[in-house]
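**Q** Have a look at the structure that comes next, please.
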Amino acid sequence: MALSNIWVFAETNQAGEASNATLELLTKANTLGGTVTAFVNGTAGDAAAAFADHGAAKIYETGDLSGALPGAAVSAAMKAVIDGGDSPDLVMFPQNYEGRDVMARLSVKLDRTVLTNSVDISVDGDAVNVTTPIFGGAKMVTSTFTGEMPFLAAFRPKSFEPAGGAGAAGDVSAAPVPDLGATGGATVNAVHVEETSGPKLDEAAVVVGGGRGLGEAEKFDMVETLAKLLKGAPGASRAIVDAGWVPYSYQVGQTGKVVKPTVYIAAGISGATQHMVGMKGSKNIIAINKDKEAPIFGVADLGIVGDVHKVMPQLIAALEARS
Amino acid sequence: MDPMNVIVCVKQIPDPALPGELDPSTNTLKRDGKLILDESDSYGVEMALQLVNTAGEGAVTLVSMAPNDEVSGLRTALAMGAEKAVLVSDPTLAGADALTTAKVLAGAVGKAGDYDLIIAGTESSDGYTGTVPEQIAEVLGLPSVTFAKTIVVDGATVKVERQTESGYDEVTCPTPAVVSVTAGVVEPRYPSFKGIMAAKSKPVETATAADLGIESVSWAQSITGVEDAPAREAGEIIEDDGETFNKIVEFLDNLKVI
């Protein structure tokens, strides 16, 4: 068996529940053979049962980090366990802020390469292969680890379907954070939440995304209104987040959130690579854009070549008339 | 106020407006044409210039890595106001992985003089691994704050608003530290004509990987396949005639989302 000991970087959300990204990775890890361990950033608490149900035979927890950013802290705790004799063959991370930071620090501590932005992993004899989309998902690249284990890889959210029922033991043990010296200096003093009301962007069945084609920040109201009418969530391209029209928490794409709703409506979005990787997996895509050459039309199931300032108000009025 | 010295890690990339291509022999991204300053690094350069300006004294130094002697992207950042640059230029670095890149840039930092902060973009626009800043911090044994949207330096402490999935955190960190910045909160300045002229004579020190004591350059991954992704089936594309909103309503109706 190529992989006999797999770790998954595990997180809980603010409510103390297992994060979706963690459950997705545990489920996938459980299909690769060998023992699966959840390595928790913080305390497992009530989420331990969900980790076990998705395949975690063992759970390490660092305990409360007292506001320290996890990059230095969790990687040091992982290194301490590895030095203690429990060394994984593969460590899987979610491609999110904390996952990237912990993986980056660990890669230096272990002198191992990292493969990031992956969407799949497979074991073929002794070869461990990771698949990564490039050029906005137009091509899929397969990379094979050639060095020594542990292998380190990060996966985009929603790459795998979480499935419970594994019935693993989920034995919890402590993995305390050793003294970090200078590297542990960064501390969180206050947390600000900018979430909007309504369904969460990465869980909504309908997402309406707005882009530069809206023309000005005030016109994002149309996106909010349409999203509300469809009981969906508003999203945004990086261009208008960078321009300061909406907060970063709205961003769909490479550096934002990955969404796979039943319907994605792209309003005034041209379809830059950066954006497409975040929404291309949507089950249905509707695009409204005045440039008929816009790349977004290449992935649209229904494309309207027209002015968002005309089509959106008409659409909103028609939907309001029905409700 | 004390002087403020900032090192900014910058990458020169192929123009993203041109379609990307893979080198058929190595399956790595082709980076052999003219290279420009990665737009995501221009925010870091701007933030660094503003921090030095606020302190009233100090300098911005660039560190970069390239497989050849390409400097056109560096000149752009020098024209914006950076004082000097250290470029690690070495053909053995073509296609280097993130860890190797971090080791090389950490080595270049050692040649760049004293610093209070090292600033880097969150991820490059062409490779977007997104781990290099944090890896540099680990190589240098420094604390780090990633995904910063604002940076304020207060004595020997840096205060950062750090983006999160749901909003942002206020983070403090002692200096020296590595901070990775996201795009957008500052507006990168356009180089002035005077700046462009001055940049031509600003010092760019070059070094090889071996000069930095990085002996064997290799990385533990190989690309074993490249395939076209399954394409989405072409949809219906129609010109708006004032009635196409009905098509959208119909489409949504069929999906039972309204």
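The chains in the structure tokens are called A, B, ... from first to last as shown; in each chain the residues are counted from 1, and the ligands are counted from 1 in the order shown.
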Going by DSSP on the backbone, which bits of region 44-226 of chain B are strand (DSSP E or B)? Write them as an NGL selection string, please.

**A** :B and (60-66 or 84-89 or 117-121 or 144-154 or 157-163 or 167-174 or 177-181 or 204-207 or 221-226)

**Q** Residues of chain A within 7 Å of chain B, using only C-alpha atoms, as an NGL selection string?

**A** :A and (100-101 or 104-105 or 108 or 113 or 116 or 137-147 or 182-195 or 230 or 242-243 or 249 or 298-306 or 311 or 314-315)

**Q** Could you name the residues that touch Asp69 (chain B) at 12 Å or less, counting only C-alpha atoms, but leaving out those on the same chain fewer than 4 positions away, as a list in words?

**A** Gln12, Asp32, Gly33, Lys34, Leu35, Ser64, Met65, Gly73, Leu74, Val86, Leu87, Val88, Ser89, Asp90, Pro91, Leu93, Val204, Glu205, Thr206, Ala207 and Thr208 of chain B

**Q** For CA of Leu201 (chain A) and CA of Gly67 (chain A), determine how far apart the two atoms are, in Å to one decimal place.

**A**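 These two atoms are separated by 26.2 Å.
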
**Q** Rounded to one decimal, what separation in Å do you get between CA of Gly155 (chain B) and CA of Met80 (chain B)?

**A**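 Interatomic distance here is 25.7 Å.
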
**Q** Show which residues sit within 7 Å of Ala198 (chain B), as a ChimeraX atom specification. Count only C-alpha atoms, and ignore same-chain residues fewer than 4 positions away.

**A** /B:79,194,202

**Q** Once you have the residues from the selection above, write them out as a JSON list (two decimals), in the first residue's frame, restricted to N, CA and C atoms.

**A**
[["chain", "number", "residue", "atom", "x", "y", "z"],
["B", 79, "ALA", "N", 10.75, 52.25, -10.80],
["B", 79, "ALA", "CA", 10.19, 53.51, -11.28],
["B", 79, "ALA", "C", 9.08, 54.01, -10.35],
["B", 194, "LYS", "N", 9.73, 60.99, -14.60],
["B", 194, "LYS", "CA", 10.96, 61.16, -13.82],
["B", 194, "LYS", "C", 11.35, 59.83, -13.16],
["B", 202, "LYS", "N", 19.07, 52.90, -11.22],
["B", 202, "LYS", "CA", 19.03, 52.36, -9.85],
["B", 202, "LYS", "C", 19.72, 51.00, -9.81]]

**Q** With only C-alpha atoms as the atoms that count, which of A:Asn96, A:Asn129, A:Ser118, A:Ser87 lies nearest to Gly71 (chain A)?

**A** A:Asn96

**Q** Using DSSP secondary structure from the backbone, list all alpha helix (DSSP H) positions within region 16-55 of chain B, as a list in words.

**A** Glu39, Ser40, Asp41, Ser42, Tyr43, Gly44, Val45, Glu46, Met47, Ala48, Leu49, Gln50, Leu51, Val52, Asn53, Thr54 and Ala55 of chain B

**Q** For the selection you just gave me, I'd like the residues written to a file as a PDB file, in the first residue's frame, keeping C-alpha atoms.

**A**
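Wrote result_8.pdb, looks like this:
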ATOM      1  CA  GLU B  39       0.052  43.138 -10.808  1.00  0.00           C
ATOM      2  CA  SER B  40      -0.533  41.398  -7.463  1.00  0.00           C
ATOM      3  CA  ASP B  41       2.968  42.522  -6.420  1.00  0.00           C
ATOM      4  CA  SER B  42       2.332  46.149  -7.347  1.00  0.00           C
ATOM      5  CA  TYR B  43       0.065  46.414  -4.283  1.00  0.00           C
ATOM      6  CA  GLY B  44       2.904  45.275  -2.029  1.00  0.00           C
ATOM      7  CA  VAL B  45       5.267  47.787  -3.613  1.00  0.00           C
ATOM      8  CA  GLU B  46       2.703  50.559  -3.089  1.00  0.00           C
ATOM      9  CA  MET B  47       2.082  49.598   0.554  1.00  0.00           C
ATOM     10  CA  ALA B  48       5.831  49.506   1.207  1.00  0.00           C
ATOM     11  CA  LEU B  49       6.337  52.939  -0.365  1.00  0.00           C
ATOM     12  CA  GLN B  50       3.516  54.344   1.769  1.00  0.00           C
ATOM     13  CA  LEU B  51       4.989  52.852   4.972  1.00  0.00           C
ATOM     14  CA  VAL B  52       8.396  54.381   4.219  1.00  0.00           C
ATOM     15  CA  ASN B  53       6.734  57.679   3.392  1.00  0.00           C
ATOM     16  CA  THR B  54       4.829  57.665   6.693  1.00  0.00           C
ATOM     17  CA  ALA B  55       8.032  56.965   8.619  1.00  0.00           C
TER      18      ALA B  55
END

**Q** Which neighbours of Gly235 (chain A) fall inside 8 Å, counting only C-alpha atoms, when residues of the same chain fewer than 3 positions from it are skipped, and could you give them as a PyMOL selection string?

**A** chain A and resi 201+207-210+250-252

**Q** If you measure from CA of Ala217 (chain A) to CA of Asp15 (chain B), what distance in Å do you get, rounded to one decimal?

**A**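 Separation between CA of Ala217 (chain A) and CA of Asp15 (chain B): 28.0 Å.
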
**Q** Tell me, as a list in words, which residues lie within 12 Å of Ile316 (chain A), counting only C-alpha atoms; anything in the same chain fewer than 2 positions away does not count.

**A**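 Selected residues are Asp221, Met222, Val223, Glu224, Thr225, Leu226, Ala227, Lys228, Leu229, Leu230, Val308, His309, Lys310, Val311, Met312, Pro313, Gln314, Ala318, Leu319, Glu320, Ala321, Arg322 and Ser323 of chain A; Phe245, Asn246, Ile248 and Val249 of chain B.
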
**Q** I'd like to know which of A:Ala317, A:Leu180, A:Ala29, A:Ile59 is closest to Glu11 (chain A), using only C-alpha atoms.

**A** A:Ile59
